[in-house]
Amino acid sequence: MRLFSNQDTPSRSVGGIAAIATIVILVALWMYYQQRNTTAKIDSEDHVLISNDRLNSEKFRSDAWFLPDDDLFGFVEIAGGPFIMGSDPNVDPLAFDNERLTTATPQGTVNLSTYFISRYEVTSGQFLAFVKATGFQLGPRTLSTASDHPAVNVSWPDALAYCRWLDDNLRTSHQTPQRLKDVLNGGWRIGLPSEAEWEKAARGTDGRIYPWGDTPRRDRANYQFTHTLPVGSLDCPECPFGLSDMSGNVWEWTRTPYHQNLQDSLTAQVNLDAPALWVMRGGHYGDPPQYVRTAIRGGADPGARRAFIGFRLVISRF
């Protein structure tokens, strides 16, 4: 064992102190960066401010509940017709058993009517507009992200309450684009997507494993990361229908009750008063590639509020 002389000790001590100081500074910088990018910023008038992350504020309308600024307020039409649903482990070795369409048939064709789905996940800014208008009682961490990040810590009933409020407002407001108002007044309504509607929107009609293709790509989705990103931060030109964040960022609630067998979930009668787990789709920012595939399925208690659970909207005739 080597013994240190008196001349050695001070330099070693100084070196150790410097190393500790460096670690402390790095941790402080990391915590600052995390807080800057994930904590909602509220000014004296209780308005959520746009975060410092990359997202053009002009994508959203401050005069219309912070919805996307286009002729359908961010809703995208998904044409009716068939698509390939479920996972065949011979095609996708990462598939879980609960992704099988039936016990005997892992993948199959499901036919859906036309519907509209939101291009982005519902943001904290959009959810705050609902809270301010209604006095809705929040969970303690519900608005814990910046306004252009997905709303998180949102329970299943919270998401339904937002859907009903937005549906009522868009039917009557003079701000609503005429095309969107015509759709809503034609017997359609806003809600959470069904599990089948979500999967078709994510994977298109060709059964792809990820929204962009069959291999994982971290430049197309926010996963294996430390926190959420502003909605639409990562371009995905290969993704069907021009939707954003169908993989990663946050898990998304659906209106489908969870069953281990996918076919049972598709045919289940939705009873909002019955105890049930509800299907979530898409994976979240911290998940590995296996959990951000288009067929990944999860189930959660309706009262669950988590930093990695959010939602997006659908307009359909359900």
# chains A, B, ... in the order shown; residues from 1 in each chain; ligands from 1
call {"tool": "select_by_dssp", "arguments": {"residues": "segment 24-254 of chain A", "states": "strand (DSSP E or B)", "output": "VMD selection string"}}
result
chain A and resid 42 48 60 to 61 67 to 68 75 to 78 81 to 86 107 to 112 115 to 118 123 150 189 to 191 210 213 222 248 251 to 254
call {"tool": "residues_around", "arguments": {"residues": "Ala151 of chain A", "least_positions_apart": "2", "cutoff": "12 Å", "atoms": "only C-alpha atoms", "output": "ChimeraX atom specification"}}
result
/A:38-40,120-130,138-139,141-149,153-155,158-159,162,228-231,249-253,305-312
call {"tool": "residues_around", "arguments": {"residues": "Leu262 of chain A", "least_positions_apart": "4", "cutoff": "9 Å", "atoms": "only C-alpha atoms", "output": "ChimeraX atom specification"}}
result
/A:86,98-102,258,266-267
call {"tool": "write_last_selection", "arguments": {"atoms": "C-alpha atoms", "output": "compact mmCIF listing (two decimals), in the first residue's frame"}}
result
# COMPACT_ATOMS: atom_id res chain seq x y z
CA GLY A 86 -52.58 -6.44 -33.94
CA ASN A 98 -51.90 -8.84 -25.41
CA GLU A 99 -51.32 -7.35 -28.89
CA ARG A 100 -52.78 -10.41 -30.63
CA LEU A 101 -56.09 -9.71 -32.36
CA THR A 102 -57.39 -13.10 -31.22
CA TYR A 258 -58.88 -2.98 -21.27
CA LEU A 266 -62.79 -4.10 -29.48
CA THR A 267 -66.19 -5.67 -28.92
call {"tool": "closest_residue", "arguments": {"among": "A:Pro240, A:Pro289, A:Gly298, A:Pro257", "to": "Lys200 of chain A", "atoms": "only C-alpha atoms"}}
result
A:Pro240
call {"tool": "atom_distance", "arguments": {"atom1": "atom CA of Gly299 of chain A", "atom2": "atom CA of Asp97 of chain A"}}
result
14.0 Å
call {"tool": "atom_distance", "arguments": {"atom1": "atom CA of Gln137 of chain A", "atom2": "atom CA of Arg61 of chain A"}}
result
24.3 Å
call {"tool": "closest_residue", "arguments": {"among": "A:Pro157, A:Arg317, A:Arg208, A:Ala64", "to": "Asp301 of chain A", "atoms": "only C-alpha atoms"}}
result
A:Pro157
call {"tool": "residues_around", "arguments": {"residues": "Leu94 of chain A", "least_positions_apart": "4", "cutoff": "10 Å", "atoms": "only C-alpha atoms", "output": "list in words"}}
result
Ser87, Asp88, Pro89, Asn90, Ile209, Pro289, Gln290, Tyr291, Arg293 and Ile296 of chain A
call {"tool": "write_last_selection", "arguments": {"atoms": "C-alpha atoms", "output": "CSV table (one decimal), in the first residue's frame"}}
result
chain,number,residue,atom,x,y,z
A,87,SER,CA,-49.1,-8.0,-33.8
A,88,ASP,CA,-47.8,-11.2,-35.3
A,89,PRO,CA,-44.6,-12.2,-33.5
A,90,ASN,CA,-43.3,-13.7,-36.7
A,209,ILE,CA,-44.4,-1.5,-36.5
A,289,PRO,CA,-38.3,1.0,-28.4
A,290,GLN,CA,-40.4,-2.0,-27.5
A,291,TYR,CA,-42.9,0.2,-25.7
A,293,ARG,CA,-44.5,0.5,-31.2
A,296,ILE,CA,-48.3,-1.5,-27.8
call {"tool": "closest_residue", "arguments": {"among": "A:Thr103, A:Ser62, A:Asn222, A:Gln260", "to": "Asp235 of chain A", "atoms": "only C-alpha atoms"}}
result
A:Asn222
call {"tool": "atom_distance", "arguments": {"atom1": "atom CA of Thr256 of chain A", "atom2": "atom CA of Arg281 of chain A"}}
result
10.6 Å
call {"tool": "residues_around", "arguments": {"residues": "Ala201 of chain A", "least_positions_apart": "4", "cutoff": "8 Å", "atoms": "only C-alpha atoms", "output": "list in words"}}
result
Ile78, Ile117, Glu197, Pro240, Phe241 and Leu243 of chain A
call {"tool": "write_last_selection", "arguments": {"atoms": "C-alpha atoms", "output": "compact mmCIF listing (two decimals), in the first residue's frame"}}
result
# COMPACT_ATOMS: atom_id res chain seq x y z
CA ILE A 78 -58.86 9.63 -41.31
CA ILE A 117 -58.18 12.79 -34.75
CA GLU A 197 -59.09 4.48 -34.09
CA PRO A 240 -49.27 8.43 -41.83
CA PHE A 241 -51.78 11.30 -41.82
CA LEU A 243 -49.82 13.21 -36.93
call {"tool": "closest_residue", "arguments": {"among": "A:Phe96, A:Phe225, A:Tyr210, A:Phe66", "to": "Leu166 of chain A", "atoms": "only C-alpha atoms"}}
result
A:Phe66
call {"tool": "select_by_dssp", "arguments": {"residues": "segment 122-212 of chain A", "states": "helix (DSSP H, G or I)", "output": "PyMOL selection string"}}
result
chain A and resi 124-134+156-172+178-184+195-203
call {"tool": "closest_residue", "arguments": {"among": "A:Gly213, A:Arg255, A:Asn261, A:Gln178", "to": "Cys239 of chain A", "atoms": "only C-alpha atoms"}}
result
A:Gly213
call {"tool": "closest_residue", "arguments": {"among": "A:Gly207, A:His284, A:Asp69, A:Asp167", "to": "Val152 of chain A", "atoms": "only C-alpha atoms"}}
result
A:His284
